[in-house]
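J.: Contents of upload01.tsv (TSV, N, CA and C atoms and all ligand atoms) are given next:
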chain	number	residue	atom	x	y	z
A	154	MET	N	19.28	-7.90	41.21
A	154	MET	CA	19.05	-8.66	39.99
A	154	MET	C	17.71	-8.30	39.37
A	155	SER	N	17.74	-8.15	38.13
A	155	SER	CA	16.48	-7.81	37.48
A	155	SER	C	15.68	-9.06	37.20
A	156	HIS	N	14.46	-8.89	37.26
A	156	HIS	CA	13.57	-10.00	36.99
A	156	HIS	C	12.48	-9.53	36.05
A	157	SER	N	12.38	-10.18	34.91
A	157	SER	CA	11.35	-9.75	33.97
A	157	SER	C	9.99	-10.23	34.44
A	158	GLY	N	9.10	-9.32	34.51
A	158	GLY	CA	7.80	-9.64	35.09
A	158	GLY	C	6.77	-10.08	34.07
A	159	GLU	N	7.18	-10.89	33.15
A	159	GLU	CA	6.20	-11.33	32.16
A	159	GLU	C	5.23	-12.33	32.77
A	160	ASP	N	4.00	-12.03	32.60
A	160	ASP	CA	3.00	-12.94	33.16
A	160	ASP	C	2.09	-13.50	32.06
A	161	GLY	N	2.48	-13.27	30.83
A	161	GLY	CA	1.72	-13.86	29.74
A	161	GLY	C	0.49	-13.07	29.34
A	162	SER	N	0.24	-11.99	30.00
A	162	SER	CA	-0.95	-11.22	29.62
A	162	SER	C	-0.65	-10.40	28.36
A	163	SER	N	-1.65	-10.10	27.63
A	163	SER	CA	-1.47	-9.34	26.41
A	163	SER	C	-1.10	-7.91	26.76
A	164	PRO	N	-0.40	-7.24	25.88
A	164	PRO	CA	0.11	-5.90	26.17
A	164	PRO	C	-0.96	-4.83	26.30
A	165	GLY	N	-2.18	-5.23	26.36
A	165	GLY	CA	-3.22	-4.24	26.64
A	165	GLY	C	-3.67	-3.49	25.41
A	166	ASP	N	-4.82	-2.94	25.52
A	166	ASP	CA	-5.41	-2.23	24.40
A	166	ASP	C	-4.91	-0.80	24.39
A	167	GLN	N	-4.14	-0.46	23.39
A	167	GLN	CA	-3.63	0.90	23.29
A	167	GLN	C	-4.30	1.64	22.15
A	168	GLY	N	-5.53	1.28	21.90
A	168	GLY	CA	-6.24	1.94	20.81
A	168	GLY	C	-5.68	1.56	19.47
A	169	ALA	N	-5.31	0.30	19.31
A	169	ALA	CA	-4.76	-0.16	18.04
A	169	ALA	C	-5.79	0.05	16.94
A	170	PRO	N	-5.33	0.43	15.78
A	170	PRO	CA	-6.26	0.67	14.68
A	170	PRO	C	-6.97	-0.60	14.26
A	171	GLU	N	-8.21	-0.48	13.88
A	171	GLU	CA	-8.97	-1.64	13.45
A	171	GLU	C	-8.75	-1.92	11.97
A	172	ARG	N	-8.13	-0.99	11.33
A	172	ARG	CA	-7.90	-1.17	9.91
A	172	ARG	C	-6.61	-0.47	9.51
A	173	ASN	N	-6.11	-0.90	8.39
A	173	ASN	CA	-4.91	-0.25	7.89
A	173	ASN	C	-5.28	1.08	7.26
A	174	ASP	N	-4.28	1.93	7.17
A	174	ASP	CA	-4.47	3.22	6.56
A	174	ASP	C	-3.94	3.17	5.13
A	175	PRO	N	-4.81	3.19	4.14
A	175	PRO	CA	-4.36	3.10	2.74
A	175	PRO	C	-3.34	4.18	2.40
A	176	VAL	N	-3.50	5.34	2.99
A	176	VAL	CA	-2.56	6.43	2.70
A	176	VAL	C	-1.15	6.05	3.15
A	177	ARG	N	-1.09	5.36	4.30
A	177	ARG	CA	0.22	4.94	4.82
A	177	ARG	C	0.79	3.83	3.94
A	178	LEU	N	-0.06	2.86	3.56
A	178	LEU	CA	0.40	1.77	2.71
A	178	LEU	C	0.92	2.30	1.38
A	179	ARG	N	0.20	3.28	0.87
A	179	ARG	CA	0.59	3.90	-0.39
A	179	ARG	C	1.99	4.49	-0.29
A	180	ALA	N	2.25	5.18	0.82
A	180	ALA	CA	3.56	5.80	1.01
A	180	ALA	C	4.64	4.73	1.12
A	181	ILE	N	4.31	3.63	1.80
A	181	ILE	CA	5.29	2.54	1.95
A	181	ILE	C	5.59	1.94	0.58
A	182	ASN	N	4.56	1.72	-0.21
A	182	ASN	CA	4.76	1.17	-1.55
A	182	ASN	C	5.58	2.11	-2.42
A	183	ASP	N	5.26	3.40	-2.31
A	183	ASP	CA	6.01	4.39	-3.09
A	183	ASP	C	7.50	4.30	-2.78
A	184	ARG	N	7.79	4.17	-1.49
A	184	ARG	CA	9.19	4.11	-1.08
A	184	ARG	C	9.84	2.82	-1.59
A	185	ALA	N	9.10	1.72	-1.50
A	185	ALA	CA	9.63	0.42	-1.95
A	185	ALA	C	9.92	0.45	-3.45
A	186	VAL	N	8.99	1.03	-4.21
A	186	VAL	CA	9.17	1.09	-5.66
A	186	VAL	C	10.35	2.01	-6.00
A	187	ALA	N	10.44	3.13	-5.30
A	187	ALA	CA	11.54	4.06	-5.55
A	187	ALA	C	12.87	3.39	-5.26
A	188	ALA	N	12.91	2.61	-4.18
A	188	ALA	CA	14.14	1.91	-3.82
A	188	ALA	C	14.48	0.87	-4.87
A	189	THR	N	13.47	0.17	-5.35
A	189	THR	CA	13.69	-0.85	-6.38
A	189	THR	C	14.22	-0.20	-7.64
A	190	GLN	N	13.63	0.92	-8.01
A	190	GLN	CA	14.07	1.64	-9.21
A	190	GLN	C	15.51	2.08	-9.06
A	191	HIS	N	15.82	2.59	-7.89
A	191	HIS	CA	17.17	3.06	-7.63
A	191	HIS	C	18.15	1.91	-7.75
A	192	PHE	N	17.75	0.76	-7.21
A	192	PHE	CA	18.60	-0.41	-7.22
A	192	PHE	C	18.83	-0.91	-8.64
A	193	ARG	N	17.75	-0.90	-9.40
A	193	ARG	CA	17.87	-1.41	-10.77
A	193	ARG	C	18.61	-0.43	-11.67
A	194	GLY	N	18.55	0.85	-11.29
A	194	GLY	CA	19.24	1.83	-12.09
A	194	GLY	C	18.64	1.98	-13.47
A	195	GLU	N	19.45	1.80	-14.43
A	195	GLU	CA	19.16	2.09	-15.82
A	195	GLU	C	17.70	1.96	-16.26
A	196	SER	N	17.35	0.90	-16.93
A	196	SER	CA	16.04	0.91	-17.57
A	196	SER	C	14.97	0.29	-16.68
A	197	ARG	N	13.85	0.97	-16.63
A	197	ARG	CA	12.72	0.39	-15.93
A	197	ARG	C	11.69	-0.05	-16.95
A	198	GLU	N	12.12	-0.07	-18.21
A	198	GLU	CA	11.23	-0.53	-19.28
A	198	GLU	C	10.86	-1.98	-19.02
A	199	GLY	N	9.59	-2.23	-19.01
A	199	GLY	CA	9.14	-3.61	-18.85
A	199	GLY	C	9.34	-4.17	-17.45
A	200	ALA	N	9.82	-3.34	-16.53
A	200	ALA	CA	10.02	-3.82	-15.18
A	200	ALA	C	8.67	-4.01	-14.48
A	201	THR	N	8.62	-4.96	-13.59
A	201	THR	CA	7.41	-5.14	-12.80
A	201	THR	C	7.73	-4.94	-11.33
A	202	PHE	N	6.72	-4.49	-10.61
A	202	PHE	CA	6.88	-4.26	-9.19
A	202	PHE	C	5.85	-5.10	-8.45
A	203	GLU	N	6.25	-5.55	-7.27
A	203	GLU	CA	5.30	-6.21	-6.39
A	203	GLU	C	5.06	-5.28	-5.22
A	204	VAL	N	3.83	-4.85	-5.11
A	204	VAL	CA	3.51	-3.91	-4.03
A	204	VAL	C	2.42	-4.50	-3.16
A	205	MET	N	2.31	-3.96	-1.95
A	205	MET	CA	1.27	-4.43	-1.04
A	205	MET	C	-0.09	-3.92	-1.48
A	206	CYS	N	-1.07	-4.78	-1.33
A	206	CYS	CA	-2.44	-4.34	-1.54
A	206	CYS	C	-2.71	-3.17	-0.60
A	207	GLU	N	-3.25	-2.10	-1.15
A	207	GLU	CA	-3.42	-0.88	-0.35
A	207	GLU	C	-4.82	-0.77	0.24
A	208	CYS	N	-5.48	-1.90	0.37
A	208	CYS	CA	-6.82	-1.88	0.99
A	208	CYS	C	-6.68	-1.76	2.50
A	209	PRO	N	-7.75	-1.37	3.18
A	209	PRO	CA	-7.66	-1.11	4.61
A	209	PRO	C	-7.78	-2.34	5.51
A	210	ALA	N	-7.96	-3.53	4.94
A	210	ALA	CA	-8.13	-4.72	5.79
A	210	ALA	C	-6.84	-5.05	6.52
A	211	LEU	N	-6.92	-5.16	7.85
A	211	LEU	CA	-5.73	-5.40	8.66
A	211	LEU	C	-5.09	-6.74	8.34
A	212	ASP	N	-5.90	-7.73	7.98
A	212	ASP	CA	-5.36	-9.07	7.77
A	212	ASP	C	-5.04	-9.35	6.31
A	213	CYS	N	-5.09	-8.32	5.48
A	213	CYS	CA	-4.78	-8.52	4.07
A	213	CYS	C	-3.28	-8.47	3.87
A	214	LEU	N	-2.75	-9.56	3.37
A	214	LEU	CA	-1.31	-9.62	3.10
A	214	LEU	C	-1.05	-9.82	1.62
A	215	ASP	N	-2.03	-9.49	0.82
A	215	ASP	CA	-1.91	-9.70	-0.61
A	215	ASP	C	-0.83	-8.81	-1.21
A	216	MET	N	-0.16	-9.37	-2.19
A	216	MET	CA	0.78	-8.59	-2.98
A	216	MET	C	0.20	-8.43	-4.38
A	217	VAL	N	0.40	-7.28	-4.95
A	217	VAL	CA	-0.12	-6.99	-6.27
A	217	VAL	C	1.07	-6.76	-7.19
A	218	GLU	N	1.07	-7.44	-8.34
A	218	GLU	CA	2.18	-7.25	-9.26
A	218	GLU	C	1.70	-6.45	-10.45
A	219	LEU	N	2.45	-5.43	-10.78
A	219	LEU	CA	2.10	-4.64	-11.94
A	219	LEU	C	3.34	-4.01	-12.56
A	220	GLY	N	3.22	-3.67	-13.82
A	220	GLY	CA	4.35	-3.11	-14.54
A	220	GLY	C	4.62	-1.68	-14.12
A	221	SER	N	5.79	-1.18	-14.47
A	221	SER	CA	6.15	0.18	-14.06
A	221	SER	C	5.20	1.21	-14.69
A	222	ASP	N	4.82	0.97	-15.93
A	222	ASP	CA	3.88	1.88	-16.57
A	222	ASP	C	2.53	1.86	-15.87
A	223	GLU	N	2.13	0.64	-15.50
A	223	GLU	CA	0.85	0.50	-14.81
A	223	GLU	C	0.90	1.16	-13.44
A	224	PHE	N	2.06	1.01	-12.80
A	224	PHE	CA	2.20	1.64	-11.48
A	224	PHE	C	2.14	3.16	-11.62
A	225	ASP	N	2.83	3.69	-12.61
A	225	ASP	CA	2.79	5.13	-12.84
A	225	ASP	C	1.36	5.60	-13.09
A	226	ALA	N	0.64	4.80	-13.89
A	226	ALA	CA	-0.73	5.16	-14.21
A	226	ALA	C	-1.60	5.15	-12.95
A	227	ALA	N	-1.29	4.23	-12.07
A	227	ALA	CA	-2.07	4.12	-10.84
A	227	ALA	C	-1.72	5.23	-9.85
A	228	ARG	N	-0.65	5.95	-10.14
A	228	ARG	CA	-0.20	7.02	-9.24
A	228	ARG	C	-0.43	8.41	-9.83
A	229	ARG	N	-1.15	8.46	-10.94
A	229	ARG	CA	-1.26	9.76	-11.57
A	229	ARG	C	-2.21	10.68	-10.82
A	230	ARG	N	-2.98	10.12	-9.92
A	230	ARG	CA	-3.82	10.94	-9.06
A	230	ARG	C	-3.58	10.55	-7.62
A	231	PRO	N	-3.59	11.55	-6.72
A	231	PRO	CA	-3.28	11.25	-5.32
A	231	PRO	C	-4.39	10.49	-4.60
A	232	ASP	N	-5.51	10.28	-5.27
A	232	ASP	CA	-6.60	9.57	-4.59
A	232	ASP	C	-6.81	8.17	-5.17
A	233	MET	N	-5.77	7.65	-5.85
A	233	MET	CA	-5.89	6.32	-6.42
A	233	MET	C	-4.99	5.33	-5.69
A	234	TYR	N	-5.54	4.12	-5.49
A	234	TYR	CA	-4.85	3.10	-4.70
A	234	TYR	C	-4.84	1.78	-5.45
A	235	VAL	N	-3.74	1.06	-5.36
A	235	VAL	CA	-3.63	-0.24	-6.01
A	235	VAL	C	-4.10	-1.32	-5.03
A	236	VAL	N	-5.09	-2.09	-5.44
A	236	VAL	CA	-5.61	-3.13	-4.56
A	236	VAL	C	-5.83	-4.43	-5.34
A	237	THR	N	-5.93	-5.52	-4.59
A	237	THR	CA	-6.36	-6.78	-5.16
A	237	THR	C	-7.81	-6.62	-5.60
A	238	PRO	N	-8.17	-7.24	-6.74
A	238	PRO	CA	-9.55	-7.10	-7.20
A	238	PRO	C	-10.56	-7.41	-6.09
A	239	GLY	N	-11.49	-6.49	-5.88
A	239	GLY	CA	-12.54	-6.68	-4.87
A	239	GLY	C	-12.22	-6.06	-3.53
A	240	HIS	N	-10.97	-5.67	-3.30
A	240	HIS	CA	-10.59	-5.13	-1.99
A	240	HIS	C	-10.89	-3.64	-1.90
A	241	VAL	N	-12.14	-3.32	-1.98
A	241	VAL	CA	-12.55	-1.93	-1.88
A	241	VAL	C	-13.49	-1.78	-0.69
A	242	ASN	N	-12.94	-1.27	0.40
A	242	ASN	CA	-13.71	-1.03	1.61
A	242	ASN	C	-13.41	0.39	2.06
A	243	PRO	N	-14.34	1.00	2.80
A	243	PRO	CA	-14.06	2.36	3.29
A	243	PRO	C	-12.73	2.37	4.03
A	244	PRO	N	-11.90	3.40	3.90
A	244	PRO	CA	-12.20	4.67	3.22
A	244	PRO	C	-12.00	4.64	1.69
A	245	LEU	N	-11.70	3.48	1.15
A	245	LEU	CA	-11.70	3.40	-0.31
A	245	LEU	C	-13.16	3.31	-0.73
A	246	HIS	N	-13.54	4.13	-1.66
A	246	HIS	CA	-14.97	4.23	-1.91
A	246	HIS	C	-15.37	3.99	-3.35
A	247	GLY	N	-14.44	3.68	-4.19
A	247	GLY	CA	-14.82	3.47	-5.57
A	247	GLY	C	-13.76	2.71	-6.34
A	248	VAL	N	-14.12	2.30	-7.53
A	248	VAL	CA	-13.17	1.61	-8.40
A	248	VAL	C	-12.95	2.49	-9.62
A	249	ALA	N	-11.72	2.91	-9.82
A	249	ALA	CA	-11.42	3.75	-10.98
A	249	ALA	C	-11.19	2.88	-12.21
A	250	GLU	N	-10.45	1.78	-12.02
A	250	GLU	CA	-10.12	0.93	-13.16
A	250	GLU	C	-10.01	-0.51	-12.69
A	251	GLU	N	-10.44	-1.42	-13.56
A	251	GLU	CA	-10.28	-2.85	-13.28
A	251	GLU	C	-9.29	-3.43	-14.28
A	252	HIS	N	-8.22	-4.02	-13.77
A	252	HIS	CA	-7.22	-4.63	-14.63
A	252	HIS	C	-7.07	-6.09	-14.26
A	253	ASP	N	-6.37	-6.82	-15.11
A	253	ASP	CA	-6.05	-8.20	-14.80
A	253	ASP	C	-5.14	-8.24	-13.58
A	254	GLY	N	-5.61	-8.82	-12.50
A	254	GLY	CA	-4.75	-9.02	-11.35
A	254	GLY	C	-4.76	-7.90	-10.33
A	255	TYR	N	-5.27	-6.75	-10.72
A	255	TYR	CA	-5.35	-5.66	-9.75
A	255	TYR	C	-6.41	-4.65	-10.15
A	256	TRP	N	-6.88	-3.94	-9.16
A	256	TRP	CA	-7.81	-2.85	-9.42
A	256	TRP	C	-7.18	-1.56	-8.93
A	257	ILE	N	-7.67	-0.47	-9.49
A	257	ILE	CA	-7.29	0.82	-8.95
A	257	ILE	C	-8.52	1.39	-8.25
A	258	ALA	N	-8.39	1.55	-6.94
A	258	ALA	CA	-9.50	2.05	-6.15
A	258	ALA	C	-9.31	3.54	-5.91
A	259	THR	N	-10.41	4.21	-5.65
A	259	THR	CA	-10.30	5.62	-5.29
A	259	THR	C	-10.59	5.76	-3.80
A	260	GLY	N	-9.97	6.75	-3.19
A	260	GLY	CA	-10.12	6.94	-1.76
A	260	GLY	C	-9.68	8.34	-1.38
A	261	PRO	N	-9.30	8.50	-0.12
A	261	PRO	CA	-8.86	9.82	0.35
A	261	PRO	C	-7.60	10.26	-0.40
A	262	LYS	N	-7.47	11.54	-0.54
A	262	LYS	CA	-6.28	12.06	-1.21
A	262	LYS	C	-5.05	11.82	-0.35
A	263	ALA	N	-4.07	11.15	-0.93
A	263	ALA	CA	-2.83	10.93	-0.20
A	263	ALA	C	-2.05	12.22	-0.11
A	264	VAL	N	-1.37	12.40	0.99
A	264	VAL	CA	-0.50	13.55	1.13
A	264	VAL	C	0.80	13.23	0.42
A	265	THR	N	1.03	13.92	-0.66
A	265	THR	CA	2.26	13.63	-1.40
A	265	THR	C	3.35	14.60	-0.99
A	266	ASP	N	4.52	14.09	-1.08
A	266	ASP	CA	5.70	14.87	-0.76
A	266	ASP	C	5.90	15.95	-1.82
A	267	GLY	N	5.69	17.18	-1.48
A	267	GLY	CA	5.73	18.24	-2.46
A	267	GLY	C	7.12	18.68	-2.84
A	268	HIS	N	8.12	18.18	-2.14
A	268	HIS	CA	9.49	18.62	-2.42
A	268	HIS	C	10.13	17.73	-3.46
A	269	ARG	N	10.23	18.21	-4.65
A	269	ARG	CA	10.84	17.39	-5.69
A	269	ARG	C	12.00	18.13	-6.30
B	1	ZN	ZN	-6.35	-6.13	0.28
Once you've parsed the file, please lay out its structure as structure tokens.

T.:
Amino acid sequence: MSHSGEDGSSPGDQGAPERNDPVRLRAINDRAVAATQHFRGESREGATFEVMCECPALDCLDMVELGSDEFDAARRRPDMYVVTPGHVNPPLHGVAEEHDGYWIATGPKAVTDGHR
């Protein structure tokens, strides 16, 4: 008979990251927005998206809402990230634009999927 040996101890330190990776968050948001667009099909005129704040804080669960045009604008450079106003911490190192409800931060260049 098997017996689960849970003793309540924490699963141990496996070198968990101390911060989120904005590049990874960005990729996740990209996929979410692409899926939403696909789902909506036809017009994305005036559509809004809710994406995760792409700041590196592990405990940040903020969602940022922005229009499709604004999202496109925030993606026109691979080193731009959508964050809640004020959420600029390394490796995000600058603010490119300040908008109502969200900022565009600058940071490391995201690796974009070159196959289009
Ligand atoms: Zn944040």

J.: Show which residues sit within 12 Å of Ala187 of chain A, as number ranges by chain. Count only C-alpha atoms, and ignore same-chain residues fewer than 5 positions away.

T.: A: 180-182, 192-194, 197, 202, 204, 221, 224-225

J.: Tell me which protein, DNA and RNA residues are within 6 Å of Val235 of chain A, counting all atoms listed in the file, leaving out same-chain ones fewer than 6 positions away, and put them as a list in words.

T.: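 Residues meeting the cut-off are Met205, Cys206, Glu207, Cys208, Trp256, Ile257 and Ala258 of chain A.
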
J.: Which one of A:Val236, A:Ala185, A:Val217, A:Leu178 sits closest to ligand ZN 1 (chain B) if you count only C-alpha atoms and all ligand atoms?

T.: A:Val236

J.: As an exercise, work out the distance from atom N of Asn173 of chain A to atom C of Leu211 of chain A in Å and give it to one decimal place.

T.: 5.9 Å

J.: Check the smallest atom-to-atom distance from each of A:Cys213, A:Ala249, A:Val264, A:Leu219 to ligand ZN 1 (chain B) using only C-alpha atoms and all ligand atoms, then report the winner.

T.: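 Answer, going by the shortest atom-to-atom distance: A:Cys213.
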
J.: Given the choices A:Leu214, A:Val248, A:Ala226, A:Met233, which gets closest to ligand ZN 1 (chain B) if the distance is worked out from only C-alpha atoms and all ligand atoms?

T.: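 The closest residue to ligand ZN 1 (chain B) is A:Leu214.
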
J.: Report, in Å with one decimal, the straight-line distance from atom CA of Pro243 of chain A to atom C of Glu223 of chain A.

T.: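 Computing the Euclidean distance for atom CA of Pro243 of chain A and atom C of Glu223 of chain A yields 22.5 Å.
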